[in-house]
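Shown next: my_file.pdb, given as PDB, C-alpha atoms.
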ATOM      1  CA  GLY M 293      74.019 -60.512 175.936  1.00  0.00           C
ATOM      2  CA  ARG M 294      74.599 -63.772 177.717  1.00  0.00           C
ATOM      3  CA  ILE M 295      71.487 -65.471 179.048  1.00  0.00           C
ATOM      4  CA  ARG M 296      72.051 -66.993 182.472  1.00  0.00           C
ATOM      5  CA  GLU M 297      70.916 -70.539 183.161  1.00  0.00           C
ATOM      6  CA  GLY M 298      67.275 -70.525 184.237  1.00  0.00           C
ATOM      7  CA  ALA M 299      66.680 -66.966 183.039  1.00  0.00           C
ATOM      8  CA  SER M 300      64.233 -66.275 180.241  1.00  0.00           C
ATOM      9  CA  LYS M 301      65.409 -65.791 176.685  1.00  0.00           C
ATOM     10  CA  TYR M 302      62.628 -63.225 176.240  1.00  0.00           C
ATOM     11  CA  LYS M 303      62.504 -59.568 177.229  1.00  0.00           C
ATOM     12  CA  GLY M 304      60.253 -58.647 180.158  1.00  0.00           C
ATOM     13  CA  VAL M 305      60.187 -62.213 181.508  1.00  0.00           C
ATOM     14  CA  HIS M 306      61.975 -63.917 184.384  1.00  0.00           C
ATOM     15  CA  PHE M 307      61.423 -67.004 186.520  1.00  0.00           C
ATOM     16  CA  ASN M 308      59.918 -66.334 189.947  1.00  0.00           C
ATOM     17  CA  LYS M 309      61.231 -69.074 192.257  1.00  0.00           C
ATOM     18  CA  PRO M 310      58.777 -68.560 195.177  1.00  0.00           C
ATOM     19  CA  MET M 311      55.821 -68.698 192.748  1.00  0.00           C
ATOM     20  CA  ASN M 312      57.483 -71.406 190.641  1.00  0.00           C
ATOM     21  CA  LYS M 313      56.177 -69.565 187.572  1.00  0.00           C
ATOM     22  CA  TRP M 314      57.319 -67.257 184.812  1.00  0.00           C
ATOM     23  CA  GLN M 315      56.657 -63.602 185.592  1.00  0.00           C
ATOM     24  CA  ALA M 316      56.003 -60.933 182.947  1.00  0.00           C
ATOM     25  CA  GLN M 317      56.487 -57.289 183.823  1.00  0.00           C
ATOM     26  CA  ILE M 318      56.920 -53.982 181.995  1.00  0.00           C
ATOM     27  CA  TYR M 319      58.632 -50.707 182.874  1.00  0.00           C
ATOM     28  CA  ILE M 320      56.211 -47.754 182.506  1.00  0.00           C
ATOM     29  CA  GLU M 321      56.773 -44.173 183.695  1.00  0.00           C
ATOM     30  CA  GLY M 322      59.695 -45.163 185.881  1.00  0.00           C
ATOM     31  CA  LYS M 323      57.900 -48.021 187.617  1.00  0.00           C
ATOM     32  CA  VAL M 324      57.848 -51.785 187.160  1.00  0.00           C
ATOM     33  CA  ARG M 325      54.312 -52.970 186.389  1.00  0.00           C
ATOM     34  CA  LEU M 326      53.294 -56.591 186.867  1.00  0.00           C
ATOM     35  CA  ILE M 327      51.591 -58.205 183.867  1.00  0.00           C
ATOM     36  CA  GLY M 328      51.056 -61.702 185.243  1.00  0.00           C
ATOM     37  CA  TYR M 329      52.378 -65.132 186.256  1.00  0.00           C
ATOM     38  CA  TYR M 330      52.524 -68.037 183.795  1.00  0.00           C
ATOM     39  CA  ASP M 331      53.321 -71.729 183.695  1.00  0.00           C
ATOM     40  CA  ASN M 332      54.673 -71.275 180.177  1.00  0.00           C
ATOM     41  CA  GLU M 333      57.602 -68.989 179.316  1.00  0.00           C
ATOM     42  CA  GLU M 334      56.318 -68.256 175.799  1.00  0.00           C
ATOM     43  CA  GLU M 335      52.881 -67.205 177.083  1.00  0.00           C
ATOM     44  CA  ALA M 336      54.532 -64.745 179.471  1.00  0.00           C
ATOM     45  CA  ALA M 337      56.630 -63.328 176.623  1.00  0.00           C
ATOM     46  CA  THR M 338      53.565 -63.012 174.390  1.00  0.00           C
ATOM     47  CA  ASP M 339      51.694 -60.956 176.979  1.00  0.00           C
ATOM     48  CA  TYR M 340      54.760 -58.774 177.522  1.00  0.00           C
ATOM     49  CA  ALA M 341      54.835 -58.036 173.774  1.00  0.00           C
ATOM     50  CA  ARG M 342      51.111 -57.198 173.890  1.00  0.00           C
ATOM     51  CA  ALA M 343      51.727 -54.813 176.789  1.00  0.00           C
ATOM     52  CA  VAL M 344      54.557 -53.107 174.862  1.00  0.00           C
ATOM     53  CA  PHE M 345      52.256 -52.702 171.865  1.00  0.00           C
ATOM     54  CA  LYS M 346      49.457 -51.198 173.998  1.00  0.00           C
ATOM     55  CA  TYR M 347      51.413 -48.935 176.325  1.00  0.00           C
ATOM     56  CA  LYS M 348      54.470 -48.025 174.218  1.00  0.00           C
ATOM     57  CA  GLY M 349      53.227 -48.359 170.661  1.00  0.00           C
ATOM     58  CA  GLN M 350      54.035 -50.306 167.500  1.00  0.00           C
ATOM     59  CA  GLY M 351      57.318 -48.413 167.051  1.00  0.00           C
ATOM     60  CA  ALA M 352      58.686 -49.570 170.387  1.00  0.00           C
ATOM     61  CA  LEU M 353      57.637 -53.144 169.656  1.00  0.00           C
ATOM     62  CA  ASP M 354      59.280 -53.130 166.220  1.00  0.00           C
ATOM     63  CA  LYS M 355      62.467 -51.663 167.662  1.00  0.00           C
ATOM     64  CA  ALA M 356      62.611 -54.330 170.386  1.00  0.00           C
ATOM     65  CA  ARG M 357      62.156 -57.096 167.829  1.00  0.00           C
ATOM     66  CA  GLU M 358      64.847 -55.707 165.516  1.00  0.00           C
ATOM     67  CA  GLN M 359      67.371 -55.402 168.323  1.00  0.00           C
ATOM     68  CA  ASP M 360      66.853 -58.631 170.159  1.00  0.00           C
ATOM     69  CA  SER M 361      64.981 -61.178 168.089  1.00  0.00           C
ATOM     70  CA  PHE M 362      66.876 -63.872 166.239  1.00  0.00           C
ATOM     71  CA  ILE M 363      65.072 -67.009 165.155  1.00  0.00           C
ATOM     72  CA  ILE M 364      67.153 -70.121 164.532  1.00  0.00           C
ATOM     73  CA  ASP M 365      65.593 -71.892 161.563  1.00  0.00           C
ATOM     74  CA  LEU M 366      67.096 -75.325 160.842  1.00  0.00           C
ATOM     75  CA  SER M 367      64.313 -76.620 158.582  1.00  0.00           C
ATOM     76  CA  ASP M 368      66.575 -76.511 155.515  1.00  0.00           C
ATOM     77  CA  VAL M 369      69.686 -77.950 157.187  1.00  0.00           C
ATOM     78  CA  PRO M 370      70.597 -81.633 156.697  1.00  0.00           C
ATOM     79  CA  PRO M 371      71.320 -83.832 159.733  1.00  0.00           C
ATOM     80  CA  GLN M 372      74.763 -83.359 161.310  1.00  0.00           C
ATOM     81  CA  SER M 373      76.693 -85.321 163.891  1.00  0.00           C
ATOM     82  CA  PRO M 374      77.302 -83.642 167.284  1.00  0.00           C
ATOM     83  CA  ILE M 375      80.655 -81.868 167.744  1.00  0.00           C
ATOM     84  CA  PRO M 376      82.610 -83.371 170.670  1.00  0.00           C
ATOM     85  CA  LYS M 377      84.439 -81.036 173.008  1.00  0.00           C
ATOM     86  CA  SER M 378      88.214 -80.979 172.767  1.00  0.00           C
ATOM     87  CA  SER M 379      90.031 -83.684 174.698  1.00  0.00           C
ATOM     88  CA  ASP M 380      91.908 -80.848 176.430  1.00  0.00           C
ATOM     89  CA  TYR M 381      88.596 -79.652 177.919  1.00  0.00           C
ATOM     90  CA  ALA M 382      87.831 -81.098 181.354  1.00  0.00           C
ATOM     91  CA  ILE M 383      84.244 -82.316 181.273  1.00  0.00           C
ATOM     92  CA  LYS M 384      82.559 -82.250 184.669  1.00  0.00           C
ATOM     93  CA  GLU M 385      80.296 -85.105 185.690  1.00  0.00           C
ATOM     94  CA  GLY M 386      76.824 -84.488 184.266  1.00  0.00           C
ATOM     95  CA  ALA M 387      78.024 -81.829 181.821  1.00  0.00           C
ATOM     96  CA  SER M 388      77.618 -82.403 178.107  1.00  0.00           C
ATOM     97  CA  GLU M 389      80.448 -83.891 176.083  1.00  0.00           C
ATOM     98  CA  TYR M 390      79.255 -81.901 173.058  1.00  0.00           C
ATOM     99  CA  ARG M 391      79.908 -78.306 172.074  1.00  0.00           C
ATOM    100  CA  GLY M 392      77.052 -75.814 172.375  1.00  0.00           C
ATOM    101  CA  VAL M 393      75.120 -77.969 174.863  1.00  0.00           C
ATOM    102  CA  THR M 394      74.458 -77.480 178.584  1.00  0.00           C
ATOM    103  CA  PHE M 395      72.051 -79.112 181.014  1.00  0.00           C
ATOM    104  CA  ASN M 396      69.319 -76.747 182.218  1.00  0.00           C
ATOM    105  CA  LYS M 397      68.364 -77.899 185.712  1.00  0.00           C
ATOM    106  CA  ARG M 398      65.220 -75.782 185.899  1.00  0.00           C
ATOM    107  CA  MET M 399      63.851 -77.184 182.642  1.00  0.00           C
ATOM    108  CA  ASN M 400      65.414 -80.595 183.357  1.00  0.00           C
ATOM    109  CA  LYS M 401      66.459 -80.697 179.710  1.00  0.00           C
ATOM    110  CA  TRP M 402      69.523 -80.289 177.528  1.00  0.00           C
ATOM    111  CA  HIS M 403      69.867 -76.746 176.147  1.00  0.00           C
ATOM    112  CA  ALA M 404      71.487 -76.016 172.780  1.00  0.00           C
ATOM    113  CA  LYS M 405      72.624 -72.473 171.967  1.00  0.00           C
ATOM    114  CA  ILE M 406      75.058 -70.813 169.581  1.00  0.00           C
ATOM    115  CA  TYR M 407      77.131 -67.620 169.747  1.00  0.00           C
ATOM    116  CA  ILE M 408      76.285 -65.317 166.805  1.00  0.00           C
ATOM    117  CA  ASP M 409      77.065 -61.603 166.388  1.00  0.00           C
ATOM    118  CA  GLY M 410      78.314 -61.338 169.955  1.00  0.00           C
ATOM    119  CA  LYS M 411      75.202 -62.881 171.501  1.00  0.00           C
ATOM    120  CA  HIS M 412      74.116 -66.303 172.703  1.00  0.00           C
ATOM    121  CA  ARG M 413      71.220 -67.473 170.540  1.00  0.00           C
ATOM    122  CA  HIS M 414      68.760 -70.063 171.792  1.00  0.00           C
ATOM    123  CA  ILE M 415      68.355 -73.141 169.579  1.00  0.00           C
ATOM    124  CA  GLY M 416      66.122 -75.343 171.714  1.00  0.00           C
ATOM    125  CA  TYR M 417      65.573 -77.643 174.697  1.00  0.00           C
ATOM    126  CA  TYR M 418      65.897 -81.417 174.333  1.00  0.00           C
ATOM    127  CA  GLU M 419      65.279 -84.587 176.301  1.00  0.00           C
ATOM    128  CA  ASN M 420      68.274 -86.149 174.566  1.00  0.00           C
ATOM    129  CA  GLU M 421      71.841 -84.802 174.749  1.00  0.00           C
ATOM    130  CA  GLU M 422      72.781 -86.124 171.312  1.00  0.00           C
ATOM    131  CA  GLU M 423      69.795 -84.404 169.669  1.00  0.00           C
ATOM    132  CA  ALA M 424      70.827 -81.095 171.248  1.00  0.00           C
ATOM    133  CA  GLY M 425      74.381 -81.604 170.005  1.00  0.00           C
ATOM    134  CA  ALA M 426      73.167 -82.484 166.525  1.00  0.00           C
ATOM    135  CA  ASP M 427      71.048 -79.320 166.259  1.00  0.00           C
ATOM    136  CA  TYR M 428      73.955 -77.200 167.496  1.00  0.00           C
ATOM    137  CA  ALA M 429      76.087 -78.703 164.716  1.00  0.00           C
ATOM    138  CA  ARG M 430      73.335 -77.919 162.198  1.00  0.00           C
ATOM    139  CA  ALA M 431      73.213 -74.309 163.441  1.00  0.00           C
ATOM    140  CA  VAL M 432      77.003 -74.024 163.062  1.00  0.00           C
ATOM    141  CA  PHE M 433      76.711 -75.419 159.535  1.00  0.00           C
ATOM    142  CA  LYS M 434      74.014 -72.895 158.577  1.00  0.00           C
ATOM    143  CA  TYR M 435      75.047 -69.712 160.370  1.00  0.00           C
ATOM    144  CA  LYS M 436      78.854 -70.052 160.390  1.00  0.00           C
ATOM    145  CA  GLY M 437      79.445 -72.036 157.213  1.00  0.00           C
ATOM    146  CA  GLN M 438      80.878 -75.374 156.111  1.00  0.00           C
ATOM    147  CA  GLY M 439      84.442 -74.222 156.821  1.00  0.00           C
ATOM    148  CA  HIS M 440      83.734 -73.415 160.456  1.00  0.00           C
ATOM    149  CA  TRP M 441      81.847 -76.687 160.848  1.00  0.00           C
ATOM    150  CA  ASP M 442      84.808 -78.632 159.430  1.00  0.00           C
ATOM    151  CA  ARG M 443      87.253 -76.840 161.731  1.00  0.00           C
ATOM    152  CA  SER M 444      85.061 -77.559 164.736  1.00  0.00           C
ATOM    153  CA  HIS M 445      85.268 -81.258 163.969  1.00  0.00           C
ATOM    154  CA  ASP M 446      88.899 -81.402 162.896  1.00  0.00           C
ATOM    155  CA  GLN M 447      90.704 -78.846 165.052  1.00  0.00           C
ATOM    156  CA  LEU M 448      89.688 -79.417 168.636  1.00  0.00           C
ATOM    157  CA  GLY M 449      92.581 -77.868 170.498  1.00  0.00           C
ATOM    158  CA  GLY M 450      96.309 -78.410 170.226  1.00  0.00           C
ATOM    159  CA  ALA M 451      97.666 -74.889 170.742  1.00  0.00           C
ATOM    160  CA  ALA M 452     101.343 -74.170 170.020  1.00  0.00           C
ATOM    161  CA  ILE M 453     103.637 -74.440 173.035  1.00  0.00           C
ATOM    162  CA  GLY M 454     107.019 -72.653 173.212  1.00  0.00           C
ATOM    163  CA  GLY M 455     106.791 -71.760 169.544  1.00  0.00           C
ATOM    164  CA  ASN M 456     108.105 -75.141 168.377  1.00  0.00           C
ATOM    165  CA  LYS M 457     104.840 -77.071 168.119  1.00  0.00           C
ATOM    166  CA  THR M 458     102.231 -76.486 165.485  1.00  0.00           C
ATOM    167  CA  LYS M 459      98.527 -76.689 166.088  1.00  0.00           C
ATOM    168  CA  LYS M 460      97.727 -80.350 165.754  1.00  0.00           C
ATOM    169  CA  ARG M 461      94.642 -81.708 164.112  1.00  0.00           C
ATOM    170  CA  GLN M 462      92.728 -84.024 166.355  1.00  0.00           C
ATOM    171  CA  LYS M 463      90.424 -85.959 164.102  1.00  0.00           C
ATOM    172  CA  ASP M 464      90.759 -88.774 166.584  1.00  0.00           C
ATOM    173  CA  ASP M 465      88.499 -86.769 168.927  1.00  0.00           C
ATOM    174  CA  VAL M 466      85.639 -87.690 166.606  1.00  0.00           C
ATOM    175  CA  ILE M 467      85.361 -91.437 166.842  1.00  0.00           C
ATOM    176  CA  ALA M 468      82.401 -93.695 166.207  1.00  0.00           C
ATOM    177  CA  PHE M 469      82.150 -97.063 167.907  1.00  0.00           C
ATOM    178  CA  ASP M 470      80.767 -99.856 165.735  1.00  0.00           C
ATOM    179  CA  LEU M 471      80.346-103.033 167.776  1.00  0.00           C
ATOM    180  CA  THR M 472      78.002-104.824 165.365  1.00  0.00           C
ATOM    181  CA  ASP M 473      80.683-107.341 164.377  1.00  0.00           C
ATOM    182  CA  VAL M 474      81.852-108.023 167.936  1.00  0.00           C
ATOM    183  CA  PRO M 475      80.547-111.174 169.678  1.00  0.00           C
ATOM    184  CA  PRO M 476      79.021-110.877 173.186  1.00  0.00           C
ATOM    185  CA  GLN M 477      81.535-110.626 176.023  1.00  0.00           C
ATOM    186  CA  SER M 478      81.165-110.901 179.797  1.00  0.00           C
ATOM    187  CA  PRO M 479      81.779-107.698 181.849  1.00  0.00           C
ATOM    188  CA  ILE M 480      85.264-107.121 183.275  1.00  0.00           C
ATOM    189  CA  PRO M 481      85.145-106.886 187.090  1.00  0.00           C
ATOM    190  CA  LYS M 482      87.213-104.165 188.748  1.00  0.00           C
ATOM    191  CA  SER M 483      90.317-105.259 190.603  1.00  0.00           C
ATOM    192  CA  GLY M 484      90.009-105.839 194.315  1.00  0.00           C
ATOM    193  CA  GLY M 485      89.489-102.782 196.446  1.00  0.00           C
ATOM    194  CA  SER M 486      86.794-100.616 197.924  1.00  0.00           C
ATOM    195  CA  ILE M 487      83.913 -99.856 195.549  1.00  0.00           C
ATOM    196  CA  LYS M 488      81.857 -96.831 196.532  1.00  0.00           C
ATOM    197  CA  GLU M 489      78.122 -97.219 197.019  1.00  0.00           C
ATOM    198  CA  GLY M 490      76.341 -96.673 193.703  1.00  0.00           C
ATOM    199  CA  ALA M 491      79.528 -97.074 191.674  1.00  0.00           C
ATOM    200  CA  SER M 492      79.869 -99.861 189.134  1.00  0.00           C
ATOM    201  CA  LYS M 493      81.708-103.047 189.975  1.00  0.00           C
ATOM    202  CA  PHE M 494      82.761-103.309 186.319  1.00  0.00           C
ATOM    203  CA  ALA M 495      85.679-101.616 184.578  1.00  0.00           C
ATOM    204  CA  GLY M 496      84.803 -98.882 182.076  1.00  0.00           C
ATOM    205  CA  VAL M 497      81.379 -98.203 183.570  1.00  0.00           C
ATOM    206  CA  THR M 498      80.102 -95.207 185.563  1.00  0.00           C
ATOM    207  CA  PHE M 499      76.636 -94.029 186.543  1.00  0.00           C
ATOM    208  CA  ASN M 500      75.603 -90.759 184.859  1.00  0.00           C
ATOM    209  CA  LYS M 501      73.244 -88.991 187.279  1.00  0.00           C
ATOM    210  CA  LYS M 502      71.959 -86.470 184.717  1.00  0.00           C
ATOM    211  CA  ALA M 503      71.051 -89.142 182.180  1.00  0.00           C
ATOM    212  CA  SER M 504      70.053 -91.534 184.991  1.00  0.00           C
ATOM    213  CA  LYS M 505      71.812 -94.299 183.046  1.00  0.00           C
ATOM    214  CA  TRP M 506      74.971 -96.386 183.138  1.00  0.00           C
ATOM    215  CA  LYS M 507      77.668 -95.003 180.833  1.00  0.00           C
ATOM    216  CA  ALA M 508      80.352 -97.067 179.123  1.00  0.00           C
ATOM    217  CA  GLN M 509      83.607 -95.451 178.026  1.00  0.00           C
ATOM    218  CA  ILE M 510      87.080 -96.630 177.059  1.00  0.00           C
ATOM    219  CA  SER M 511      90.518 -95.000 177.127  1.00  0.00           C
ATOM    220  CA  ILE M 512      92.202 -95.045 173.702  1.00  0.00           C
ATOM    221  CA  ASP M 513      95.453 -93.193 172.899  1.00  0.00           C
ATOM    222  CA  GLY M 514      95.279 -91.462 176.256  1.00  0.00           C
ATOM    223  CA  LYS M 515      91.743 -90.175 175.750  1.00  0.00           C
ATOM    224  CA  HIS M 516      88.371 -91.234 177.145  1.00  0.00           C
ATOM    225  CA  ARG M 517      86.021 -92.325 174.342  1.00  0.00           C
ATOM    226  CA  HIS M 518      82.283 -92.487 174.830  1.00  0.00           C
ATOM    227  CA  ILE M 519      80.713 -95.860 173.943  1.00  0.00           C
ATOM    228  CA  GLY M 520      77.128 -95.376 175.000  1.00  0.00           C
ATOM    229  CA  TYR M 521      74.463 -95.195 177.708  1.00  0.00           C
TER     230      TYR M 521
END
Show me the file's structure as structure tokens.
Amino acid sequence: GRIREGASKYKGVHFNKPMNKWQAQIYIEGKVRLIGYYDNEEEAATDYARAVFKYKGQGALDKAREQDSFIIDLSDVPPQSPIPKSSDYAIKEGASEYRGVTFNKRMNKWHAKIYIDGKHRHIGYYENEEEAGADYARAVFKYKGQGHWDRSHDQLGGAAIGGNKTKKRQKDDVIAFDLTDVPPQSPIPKSGGSIKEGASKFAGVTFNKKASKWKAQISIDGKHRHIGY
């Protein structure tokens, strides 16, 4: 099922806030038995698997793996560009602008995951939002096919309204900014008025708290386009 933010992606493991550690535990004879506390989530999951093997047997371990394990392997997938969210999707400040990517506060990293066979599958944690988005796109390409990948890029919203509008293709949601041939320009100051503390005094610039960087964006054809950090 769905893995909540901050929860472990492994069975028998959860994050213990007071201890600030990952806790492994196993259910035996109607009681929860503590296995241990760990700094590393994978180490906790490994010891849980060892406990299952010892106290419940190889059969129980195999069954658990068959039911819940799904390893995302992208080693044979070529690089892909991140898939932007639809322009109809309101992106909150600090949230990712790419599909399949969220910011995990506990890990302080970007988290990429994909929905396969009715379950959220973990892809990985990343320092960089674009890398997370790129690996999500690679996972879509591998596990859902080229057709789904193409639709994700080309059909980002545009539902029919009142039966007289067809689903529109929004290729303009995927736009790359190439400024290599543009000469240097001086920043454009905002018009007179009150500028909040911490806000930029230049037009088209905001401070992204999650990335801890200044973000430049421009409005084209009624849509905000990301330029860079």
Which residues of stretch 490-521 of chain M come within 12 Å of stretch 414-428 of chain M, and what is each one's closest atom pair and distance in Å (one decimal), counting all atoms listed in the file, sorted by chain and residue number, as a tab-separated table?
residue	atom	partner	partner_atom	distance
M:Lys502	CA	M:Glu421	CA	10.1
M:Ala503	CA	M:Asn420	CA	8.6
M:Ser504	CA	M:Asn420	CA	11.9
M:His518	CA	M:Glu422	CA	12.0
M:Gly520	CA	M:Glu422	CA	10.9
M:Tyr521	CA	M:Glu421	CA	11.1
* Test item: the PyMOL selection byres ((chain M and resi 506) around 10) resolved as an MDAnalysis selection string -> chainID M and resid 491:492 497:501 503:505 507:508 520:521
Store the residues picked out above in a file with C-alpha atoms, as an mmCIF file, in the frame of the given file.
data_model
loop_
_atom_site.group_PDB
_atom_site.id
_atom_site.type_symbol
_atom_site.label_atom_id
_atom_site.label_comp_id
_atom_site.auth_asym_id
_atom_site.auth_seq_id
_atom_site.Cartn_x
_atom_site.Cartn_y
_atom_site.Cartn_z
ATOM 1 C CA ALA M 491 79.528 -97.074 191.674
ATOM 2 C CA SER M 492 79.869 -99.861 189.134
ATOM 3 C CA VAL M 497 81.379 -98.203 183.570
ATOM 4 C CA THR M 498 80.102 -95.207 185.563
ATOM 5 C CA PHE M 499 76.636 -94.029 186.543
ATOM 6 C CA ASN M 500 75.603 -90.759 184.859
ATOM 7 C CA LYS M 501 73.244 -88.991 187.279
ATOM 8 C CA ALA M 503 71.051 -89.142 182.180
ATOM 9 C CA SER M 504 70.053 -91.534 184.991
ATOM 10 C CA LYS M 505 71.812 -94.299 183.046
ATOM 11 C CA LYS M 507 77.668 -95.003 180.833
ATOM 12 C CA ALA M 508 80.352 -97.067 179.123
ATOM 13 C CA GLY M 520 77.128 -95.376 175.000
ATOM 14 C CA TYR M 521 74.463 -95.195 177.708
#
* With the file shown as input, list the residues that the PyMOL selection byres ((chain M and resi 371-373) around 10) selects, as a count of residues only. => 21
* Asked: Residues at most 7 Å from stretch 304-316 of chain M, counting all atoms listed in the file, excluding those fewer than 5 positions away in the same chain, as a PyMOL selection string?
  -> chain M and resi 299+326-333+336-337+340
* Asked: In Å to one decimal, how far is atom CA of M:Ser478 from atom CA of M:Ser511?
  ->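 So the two atoms, atom CA of M:Ser511 and atom CA of M:Ser478, lie 18.6 Å apart.
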* Asked: atom CA of M:Ala356 to atom CA of M:Gly322: how many Å, to one decimal?
  ->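 Atom CA of M:Ala356 sits 18.2 Å away from atom CA of M:Gly322.
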* To do: For atom CA of M:Gly410 and atom CA of M:Lys384, determine how far apart the two atoms are, in Å to one decimal place.
  =>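 Calculated distance between atom CA of M:Gly410 and atom CA of M:Lys384 is 25.9 Å.
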Quick one: what's the axis-aligned box for stretch 417-436 of chain M, all listed atoms, 5 Å on every side, centre and edges in Å to one decimal, as AutoDock Vina command-line options?
--center_x 72.1 --center_y -77.9 --center_z 167.4 --size_x 23.6 --size_y 26.4 --size_z 27.7
* Asked: Quick one: of M:Asn396, M:Ser367, M:Gln438, M:Thr338, who's nearest to M:Leu353, counting only C-alpha atoms?
  ->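 Using only C-alpha atoms, M:Leu353 sits closest to M:Thr338.
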